[in-house]
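*Asks:* Sharing work_30.txt (compact mmCIF, C-alpha atoms) below.
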```
# COMPACT_ATOMS: atom_id res chain seq x y z
CA MET P 801 -0.55 8.19 39.83
CA LYS P 802 -2.41 5.69 42.00
CA PRO P 803 -1.74 1.98 41.39
CA ILE P 804 -4.42 -0.25 39.89
CA PHE P 805 -5.76 -3.01 42.08
CA LEU P 806 -7.43 -6.04 40.54
CA PRO P 807 -10.03 -6.31 43.34
CA LEU P 808 -11.45 -2.97 42.17
CA PHE P 809 -12.28 -4.53 38.81
CA VAL P 810 -13.75 -7.60 40.49
CA LEU P 811 -15.90 -5.45 42.76
CA ALA P 812 -17.11 -3.50 39.74
CA LEU P 813 -18.24 -6.71 38.11
CA ALA P 814 -20.13 -7.83 41.17
CA LEU P 815 -22.02 -4.58 41.45
CA ASN P 816 -22.72 -4.46 37.74
CA PHE P 817 -24.28 -7.92 37.94
CA GLY P 818 -26.57 -6.71 40.70
CA CYS P 819 -27.77 -3.84 38.50
CA GLN P 820 -28.35 -6.10 35.53
CA SER P 821 -30.70 -8.29 37.52
CA LYS P 822 -33.10 -5.34 37.69
CA SER P 823 -33.60 -5.25 33.92
CA GLN P 824 -37.15 -4.40 32.97
CA PRO P 825 -38.89 -5.35 29.73
CA SER P 826 -39.72 -2.26 27.67
CA ASN P 827 -41.01 -1.16 24.29
CA ALA P 828 -39.09 -2.84 21.48
CA ALA P 829 -40.64 -0.75 18.75
CA ALA P 830 -37.32 0.92 17.98
CA ASN P 831 -36.55 -2.25 16.04
CA ASP P 832 -39.49 -1.62 13.67
CA SER P 833 -39.53 0.55 10.58
CA THR P 834 -41.73 3.10 12.34
CA ALA P 835 -41.66 3.75 16.08
CA THR P 836 -44.85 3.99 18.09
CA ASP P 837 -44.40 7.75 18.53
CA GLY P 838 -44.27 8.23 14.76
CA THR P 839 -40.51 8.78 14.65
CA ALA P 840 -39.03 7.58 11.39
CA VAL P 841 -36.56 4.74 11.72
CA VAL P 842 -34.86 4.39 8.35
CA ASN P 843 -32.41 1.90 6.96
CA ASN P 844 -28.65 2.20 7.18
CA GLU P 845 -28.48 5.48 5.24
CA ALA P 846 -28.82 7.03 8.70
CA GLU P 847 -26.11 4.78 10.09
CA SER P 848 -23.16 6.60 8.60
CA ALA P 849 -24.58 10.13 8.43
CA PRO P 850 -22.58 12.56 10.59
CA ILE P 851 -24.51 14.11 13.45
CA ASP P 852 -24.03 17.70 14.56
CA THR P 853 -25.29 17.83 18.14
CA LYS P 854 -24.43 21.48 18.79
CA ASN P 855 -27.85 22.75 17.79
CA ILE P 856 -29.94 19.87 19.11
CA LYS P 857 -32.69 21.19 21.35
CA VAL P 858 -33.02 19.11 24.51
CA ALA P 859 -36.52 17.69 24.79
CA ASP P 860 -38.56 17.46 27.96
CA ALA P 861 -38.34 14.28 29.98
CA LYS P 862 -41.81 13.09 28.98
CA THR P 863 -40.91 13.25 25.29
CA ILE P 864 -37.62 11.38 25.80
CA LEU P 865 -39.21 8.67 27.94
CA ALA P 866 -41.96 8.15 25.36
CA ARG P 867 -39.50 7.24 22.62
CA PRO P 868 -38.82 3.49 22.24
CA GLN P 869 -35.53 2.57 23.87
CA VAL P 870 -32.61 1.55 21.68
CA PRO P 871 -30.85 -1.67 22.81
CA ILE P 872 -27.46 -0.89 24.37
CA LEU P 873 -25.00 -3.65 25.30
CA CYS P 874 -22.19 -3.29 27.80
CA TYR P 875 -19.04 -5.43 27.56
CA HIS P 876 -15.88 -5.58 29.65
CA GLN P 877 -13.28 -8.26 28.86
CA VAL P 878 -13.30 -10.34 25.67
CA ARG P 879 -10.89 -13.23 26.18
CA ASN P 880 -10.98 -16.96 26.82
CA TRP P 881 -11.84 -18.04 30.33
CA ARG P 882 -9.05 -19.06 32.68
CA SER P 883 -9.11 -21.89 35.20
CA THR P 884 -8.98 -19.25 37.94
CA ASP P 885 -12.12 -17.46 36.73
CA GLY P 886 -15.09 -17.90 39.03
CA GLN P 887 -18.71 -17.59 37.96
CA MET P 888 -18.71 -13.84 38.48
CA GLY P 889 -15.59 -13.39 36.37
CA LYS P 890 -17.08 -15.52 33.62
CA ASP P 891 -20.26 -13.46 33.70
CA TYR P 892 -18.24 -10.41 32.74
CA THR P 893 -15.80 -12.08 30.36
CA VAL P 894 -17.09 -13.07 26.92
CA GLU P 895 -14.90 -15.68 25.27
CA ILE P 896 -13.40 -14.72 21.94
CA GLN P 897 -15.27 -17.10 19.64
CA ASN P 898 -18.53 -16.44 21.48
CA PHE P 899 -18.05 -12.70 20.99
CA LYS P 900 -17.37 -13.18 17.29
CA ASP P 901 -20.48 -15.35 17.03
CA GLN P 902 -22.53 -12.71 18.87
CA MET P 903 -21.44 -10.00 16.43
CA LYS P 904 -22.23 -12.27 13.47
CA MET P 905 -25.67 -12.90 14.96
CA LEU P 906 -26.30 -9.14 15.23
CA ALA P 907 -25.23 -8.60 11.64
CA ASP P 908 -27.23 -11.58 10.35
CA SER P 909 -30.27 -10.36 12.32
CA GLY P 910 -30.15 -7.00 10.57
CA TYR P 911 -28.92 -4.84 13.43
CA HIS P 912 -27.04 -1.63 12.67
CA THR P 913 -24.81 0.00 15.27
CA ILE P 914 -25.30 3.60 16.28
CA LEU P 915 -23.17 5.95 18.38
CA PRO P 916 -24.07 8.28 21.26
CA ASP P 917 -24.44 11.35 19.01
CA GLN P 918 -27.13 9.54 17.01
CA LEU P 919 -28.92 8.39 20.15
CA TYR P 920 -28.82 11.94 21.54
CA ALA P 921 -30.35 13.38 18.36
CA TYR P 922 -33.01 10.66 18.29
CA LEU P 923 -34.05 10.99 21.92
CA ASN P 924 -34.29 14.77 21.79
CA GLU P 925 -35.55 15.54 18.29
CA GLY P 926 -36.66 12.19 16.92
CA LYS P 927 -33.90 12.11 14.30
CA ALA P 928 -33.96 9.04 12.09
CA LEU P 929 -32.01 5.94 13.07
CA PRO P 930 -31.02 2.89 11.05
CA LYS P 931 -33.49 0.05 11.01
CA LYS P 932 -32.93 -2.21 14.03
CA PRO P 933 -30.49 0.13 15.80
CA ILE P 934 -28.21 -1.11 18.57
CA MET P 935 -25.35 0.44 20.51
CA LEU P 936 -22.24 -1.47 21.59
CA THR P 937 -20.31 -0.10 24.57
CA PHE P 938 -17.06 -1.28 26.17
CA ASP P 939 -15.92 -0.24 29.65
CA ASP P 940 -12.59 -0.08 31.49
CA THR P 941 -9.94 0.39 28.74
CA VAL P 942 -9.11 -3.34 28.52
CA LEU P 943 -6.56 -4.15 25.79
CA ASP P 944 -8.60 -6.94 24.20
CA GLN P 945 -11.13 -4.29 23.21
CA TYR P 946 -8.47 -3.09 20.76
CA THR P 947 -6.88 -6.40 19.77
CA VAL P 948 -10.01 -8.59 19.55
CA VAL P 949 -13.10 -6.38 19.58
CA ASN P 950 -12.09 -3.71 17.09
CA PRO P 951 -11.08 -6.09 14.25
CA THR P 952 -14.28 -8.07 14.79
CA LEU P 953 -16.48 -4.97 14.63
CA LYS P 954 -14.71 -3.76 11.49
CA LYS P 955 -15.61 -7.01 9.76
CA TYR P 956 -19.29 -6.08 10.02
CA GLY P 957 -18.94 -2.32 9.64
CA PHE P 958 -19.87 -1.83 13.29
CA LYS P 959 -18.83 1.10 15.48
CA ALA P 960 -18.81 1.32 19.27
CA ALA P 961 -18.43 3.59 22.28
CA TYR P 962 -15.43 2.97 24.53
CA PHE P 963 -15.62 4.31 28.07
CA ILE P 964 -12.10 4.89 29.35
CA MET P 965 -10.85 4.69 32.94
CA THR P 966 -7.82 6.94 32.63
CA VAL P 967 -5.75 5.53 35.52
CA SER P 968 -5.35 2.33 33.53
CA ILE P 969 -4.16 3.79 30.21
CA GLY P 970 -1.03 1.96 29.06
CA LYS P 971 -0.85 -0.20 32.17
CA LYS P 972 0.12 -3.88 32.22
CA GLY P 973 -1.14 -6.07 35.02
CA LYS P 974 -0.73 -9.65 36.12
CA PHE P 975 -4.13 -10.62 34.72
CA VAL P 976 -5.29 -7.63 32.65
CA ASN P 977 -3.51 -5.32 30.20
CA TYR P 978 -4.92 -1.98 29.10
CA MET P 979 -5.00 0.12 25.95
CA SER P 980 -2.37 2.76 25.29
CA ALA P 981 -3.12 6.38 24.46
CA GLU P 982 -2.14 5.66 20.84
CA GLN P 983 -4.63 2.80 20.60
CA ILE P 984 -7.40 4.92 22.10
CA LYS P 985 -6.71 7.66 19.57
CA GLU P 986 -6.80 5.13 16.75
CA LEU P 987 -10.24 3.95 17.84
CA SER P 988 -11.40 7.55 17.93
CA ASP P 989 -9.88 8.36 14.53
CA GLU P 990 -11.66 5.36 13.03
CA GLY P 991 -15.02 6.85 13.97
CA ASN P 992 -15.74 5.24 17.31
CA THR P 993 -16.81 7.30 20.32
CA ILE P 994 -14.51 7.75 23.29
CA GLY P 995 -16.22 8.55 26.58
CA SER P 996 -15.22 8.98 30.20
CA HIS P 997 -15.38 6.24 32.82
CA THR P 998 -13.67 8.31 35.56
CA TYR P 999 -10.08 8.20 36.79
CA ASP P 1000 -10.08 5.03 38.88
CA HIS P 1001 -13.66 3.72 38.99
CA LYS P 1002 -14.69 5.38 42.26
CA ASN P 1003 -18.39 5.10 43.07
CA PHE P 1004 -20.12 8.17 41.59
CA LYS P 1005 -22.63 8.27 44.45
CA LYS P 1006 -19.82 9.05 46.91
CA TYR P 1007 -18.27 12.02 45.08
CA ALA P 1008 -17.62 15.12 47.16
CA GLY P 1009 -15.15 17.99 47.18
CA LYS P 1010 -12.15 17.32 44.94
CA ASP P 1011 -13.64 14.08 43.61
CA TRP P 1012 -15.35 16.07 40.86
CA GLU P 1013 -12.00 17.35 39.67
CA GLU P 1014 -10.16 14.04 40.07
CA GLN P 1015 -12.85 11.78 38.63
CA LEU P 1016 -14.38 14.05 35.97
CA ASP P 1017 -12.30 17.11 35.09
CA LYS P 1018 -8.84 15.57 34.86
CA PRO P 1019 -9.94 12.44 32.97
CA THR P 1020 -11.91 14.59 30.51
CA LYS P 1021 -8.90 16.80 29.87
CA LYS P 1022 -6.65 13.77 29.35
CA LEU P 1023 -9.03 12.10 26.92
CA GLU P 1024 -9.50 15.31 24.97
CA GLU P 1025 -5.73 15.65 24.69
CA ILE P 1026 -5.50 12.07 23.41
CA THR P 1027 -8.36 12.22 20.90
CA GLY P 1028 -8.37 15.89 19.94
CA LYS P 1029 -12.16 15.78 20.39
CA LYS P 1030 -14.60 17.01 23.02
CA ILE P 1031 -15.62 14.33 25.51
CA GLU P 1032 -19.39 14.50 25.93
CA TYR P 1033 -20.47 11.08 27.18
CA PHE P 1034 -19.97 9.36 30.53
CA ALA P 1035 -20.47 5.86 31.97
CA TYR P 1036 -21.00 5.40 35.70
CA PRO P 1037 -18.64 3.08 37.58
CA PHE P 1038 -20.60 0.04 38.76
CA GLY P 1039 -23.59 1.52 36.91
CA LEU P 1040 -24.41 3.49 40.08
CA TRP P 1041 -25.75 7.04 39.91
CA ASN P 1042 -27.65 9.58 41.96
CA LYS P 1043 -29.67 12.52 40.70
CA GLU P 1044 -27.73 14.91 42.92
CA GLY P 1045 -24.71 14.40 40.67
CA PHE P 1046 -26.53 15.20 37.42
CA PRO P 1047 -25.87 18.98 37.60
CA GLU P 1048 -22.14 18.29 38.02
CA LEU P 1049 -22.13 16.26 34.80
CA LYS P 1050 -24.15 18.85 32.90
CA LYS P 1051 -22.04 21.82 33.85
CA ARG P 1052 -19.02 19.92 32.55
CA GLY P 1053 -20.64 19.49 29.17
CA PHE P 1054 -21.73 15.84 29.33
CA LYS P 1055 -24.74 15.34 27.07
CA MET P 1056 -25.65 11.85 28.28
CA ALA P 1057 -24.54 9.44 30.98
CA PHE P 1058 -24.87 5.65 30.74
CA ALA P 1059 -25.96 3.44 33.62
CA LEU P 1060 -26.95 -0.24 33.60
CA ALA P 1061 -30.35 -1.87 33.88
CA ASP P 1062 -31.89 0.49 36.43
CA LYS P 1063 -35.09 2.32 35.64
CA ARG P 1064 -34.45 5.75 34.21
CA ASN P 1065 -34.91 8.92 36.23
CA GLU P 1066 -38.32 10.32 35.32
CA ASN P 1067 -37.08 13.92 35.39
CA ASP P 1068 -33.72 13.54 33.65
CA PRO P 1069 -33.52 10.35 31.56
CA LEU P 1070 -30.52 11.55 29.52
CA MET P 1071 -28.37 11.28 32.62
CA CYS P 1072 -29.16 7.59 33.19
CA VAL P 1073 -29.45 5.87 29.83
CA ARG P 1074 -29.99 2.14 30.27
CA ARG P 1075 -27.60 -0.60 29.15
CA ILE P 1076 -27.50 -4.33 29.85
CA ILE P 1077 -24.32 -6.34 30.42
CA ALA P 1078 -23.73 -9.06 27.85
CA SER P 1079 -23.00 -12.09 30.02
CA GLY P 1080 -20.15 -14.43 29.18
CA PHE P 1081 -22.60 -17.31 29.68
CA TRP P 1082 -24.92 -16.11 26.93
CA SER P 1083 -24.90 -17.78 23.55
CA PRO P 1084 -25.75 -15.59 20.55
CA LYS P 1085 -29.33 -16.84 20.73
CA THR P 1086 -29.58 -16.04 24.44
CA LEU P 1087 -28.10 -12.60 23.82
CA HIS P 1088 -30.73 -11.95 21.15
CA ASN P 1089 -33.50 -13.05 23.48
CA ASN P 1090 -32.25 -10.71 26.19
CA ILE P 1091 -32.03 -7.79 23.77
CA VAL P 1092 -35.66 -8.30 22.74
CA ARG P 1093 -36.87 -8.85 26.30
CA SER P 1094 -34.97 -5.98 27.92
CA PHE P 1095 -35.66 -3.28 25.35
```
Please go through the file and, once you have read it, give me the structure as structure tokens.
*Replies:*
Amino acid sequence: MKPIFLPLFVLALALNFGCQSKSQPSNAAANDSTATDGTAVVNNEAESAPIDTKNIKVADAKTILARPQVPILCYHQVRNWRSTDGQMGKDYTVEIQNFKDQMKMLADSGYHTILPDQLYAYLNEGKALPKKPIMLTFDDTVLDQYTVVNPTLKKYGFKAAYFIMTVSIGKKGKFVNYMSAEQIKELSDEGNTIGSHTYDHKNFKKYAGKDWEEQLDKPTKKLEEITGKKIEYFAYPFGLWNKEGFPELKKRGFKMAFALADKRNENDPLMCVRRIIASGFWSPKTLHNNIVRSF
């Protein structure tokens, strides 16, 4: 197994920040009781309803793009800042109390979390979502997502999607510790979604030859062994994607892939679902403003 190098994580943050700066305002009607395309958006009865995606018919790109986007937040580390953290590190590290305040703001504002299966059913068939839906996603397998994030989300009845970089499972580093296989399974068993974030965060746009096996096939197999569930969702390292790689994801059974704030591909929007990074500098109010402006 290859060693983990901290600069890889730092580089990921830098590139993610560059993607976030491209965020485009879009239709926020998904927060209303009825979407502009006539799709019903119901209250939280839809929040806990199980979704069977096996028989969902994939819609054409025009239909998917016409549906109001659901806000999706991307987090990495949730811990208090250190004296050694630079501005970039702070951008991608939300301090513990700030994170708790952000989640309280979402709950107080009437947001209800959804999971990828619900988003998939909504985008393709217009299935009902809770009123004011939002998706919370967490990348890179960082331990504080289990020790800090999960208890906080439970307090508000929130669920999330965790995108796992398998090289890091169970690792302890000088600055960052990572979740164990047992902790990942616990998150899955509690109803959260576990998705793939590759083996070691290699840039998706550079995959060739055995990269598809090393970065997609082996991590998928490992995560399926851990969770006992099929892995159907993927998050791009650095948020970077190219359309040439979409067929490779599809033939491996991935239903959706999550990017960052880039514009979606007009021919295959399910393979580049937009997220925005929740900056460590954002107060709950600033986070809310960015949710409204970006989606």
*Asks:* Report the distance between CA of Asn1065 in chain P and CA of Asn1042 in chain P in Å, rounded to one decimal place.
*Replies:*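 Going from CA of Asn1065 in chain P over to CA of Asn1042 in chain P covers 9.3 Å.
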*Asks:* Which distance in Å separates CA of Glu1032 in chain P and CA of Gln918 in chain P, to one decimal?
*Replies:*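 Computing it gives 12.8 Å between the two atoms.
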*Asks:* Hey, which bits of range 1035-1094 of chain P sit within 7 Å of range 884-905 of chain P, and for each residue what's the closest pair of atoms and how far apart in Å (one decimal), counting all atoms listed in the file, rows by chain and increasing number, as CSV?
*Replies:*
```
residue,atom,partner,partner_atom,distance
P:Ser1079,CA,P:Asp891,CA,4.8
P:Gly1080,CA,P:Val894,CA,4.0
P:Phe1081,CA,P:Asp891,CA,6.0
P:Ser1083,CA,P:Asn898,CA,6.8
P:Pro1084,CA,P:Gln902,CA,4.6
```
*Asks:* Take the residues from that selection and put them in a file with C-alpha atoms, as an mmCIF file, keeping the file's coordinate frame.
*Replies:*
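Written output follows (part31.cif):
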```
data_model
loop_
_atom_site.group_PDB
_atom_site.id
_atom_site.type_symbol
_atom_site.label_atom_id
_atom_site.label_comp_id
_atom_site.auth_asym_id
_atom_site.auth_seq_id
_atom_site.Cartn_x
_atom_site.Cartn_y
_atom_site.Cartn_z
ATOM 1 C CA SER P 1079 -23.000 -12.090 30.020
ATOM 2 C CA GLY P 1080 -20.150 -14.430 29.180
ATOM 3 C CA PHE P 1081 -22.600 -17.310 29.680
ATOM 4 C CA SER P 1083 -24.900 -17.780 23.550
ATOM 5 C CA PRO P 1084 -25.750 -15.590 20.550
#
```
*Asks:* Please produce, as a tab-separated table, a per-residue contact table for range 869-970 of chain P versus range 976-996 of chain P (criterion: any atom at most 7 Å away, all atoms listed in the file considered), showing the nearest atom pair and its distance in Å to one decimal, sorted by chain then residue number.
*Replies:*
```
residue	atom	partner	partner_atom	distance
P:Leu915	CA	P:Thr993	CA	6.8
P:Thr941	CA	P:Tyr978	CA	5.6
P:Val942	CA	P:Tyr978	CA	4.4
P:Leu943	CA	P:Tyr978	CA	4.3
P:Lys959	CA	P:Asn992	CA	5.5
P:Ala960	CA	P:Asn992	CA	5.4
P:Ala961	CA	P:Thr993	CA	4.5
P:Tyr962	CA	P:Ile994	CA	5.0
P:Phe963	CA	P:Gly995	CA	4.5
P:Ile964	CA	P:Ser996	CA	5.2
P:Met965	CA	P:Ser996	CA	6.7
P:Ser968	CA	P:Tyr978	CA	6.2
P:Ile969	CA	P:Ser980	CA	5.3
P:Gly970	CA	P:Ser980	CA	4.1
```
*Asks:* With all atoms listed in the file as the basis for distance, which of P:Asp940, P:Glu1014, P:Asp908, P:Asp860 is at the shortest distance from Leu923 in chain P?
*Replies:* P:Asp860
*Asks:* What is the distance between CA of Val967 in chain P and CA of His997 in chain P, in Å to one decimal?
*Replies:*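 CA of His997 in chain P lies 10.0 Å from CA of Val967 in chain P.
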*Asks:* Please return as a PyMOL selection string every residue within 12 Å of (-23.2, 20.3, 40.1), taking into account all atoms listed in the file and the file's own coordinates.
*Replies:* chain P and resi 1007-1009+1011-1013+1016+1042-1054
*Asks:* Measuring atom to atom with only C-alpha atoms, identify which of P:Asp944, P:Asp1017, P:Asp1068, P:Asp939 is nearest to Tyr875 in chain P.
*Replies:*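 Closest residue, counting only C-alpha atoms: P:Asp939.
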*Asks:* Residues at most 8 Å from range 850-857 of chain P, counting all atoms listed in the file, excluding those fewer than 3 positions away in the same chain, as a PyMOL selection string?
*Replies:* chain P and resi 917-918+920-921+924-925
*Asks:* Go through P:Thr937, P:Asn880, P:Thr863, P:Thr998 and flag the residue nearest Leu1070 in chain P, using only C-alpha atoms for the distances.
*Replies:* P:Thr863
*Asks:* Give the answer as one residue: which of P:Phe1004, P:Phe938, P:Tyr999, P:Phe958 has the shortest atom-to-atom distance to Tyr1036 in chain P, using all atoms listed in the file?
*Replies:* P:Phe1004
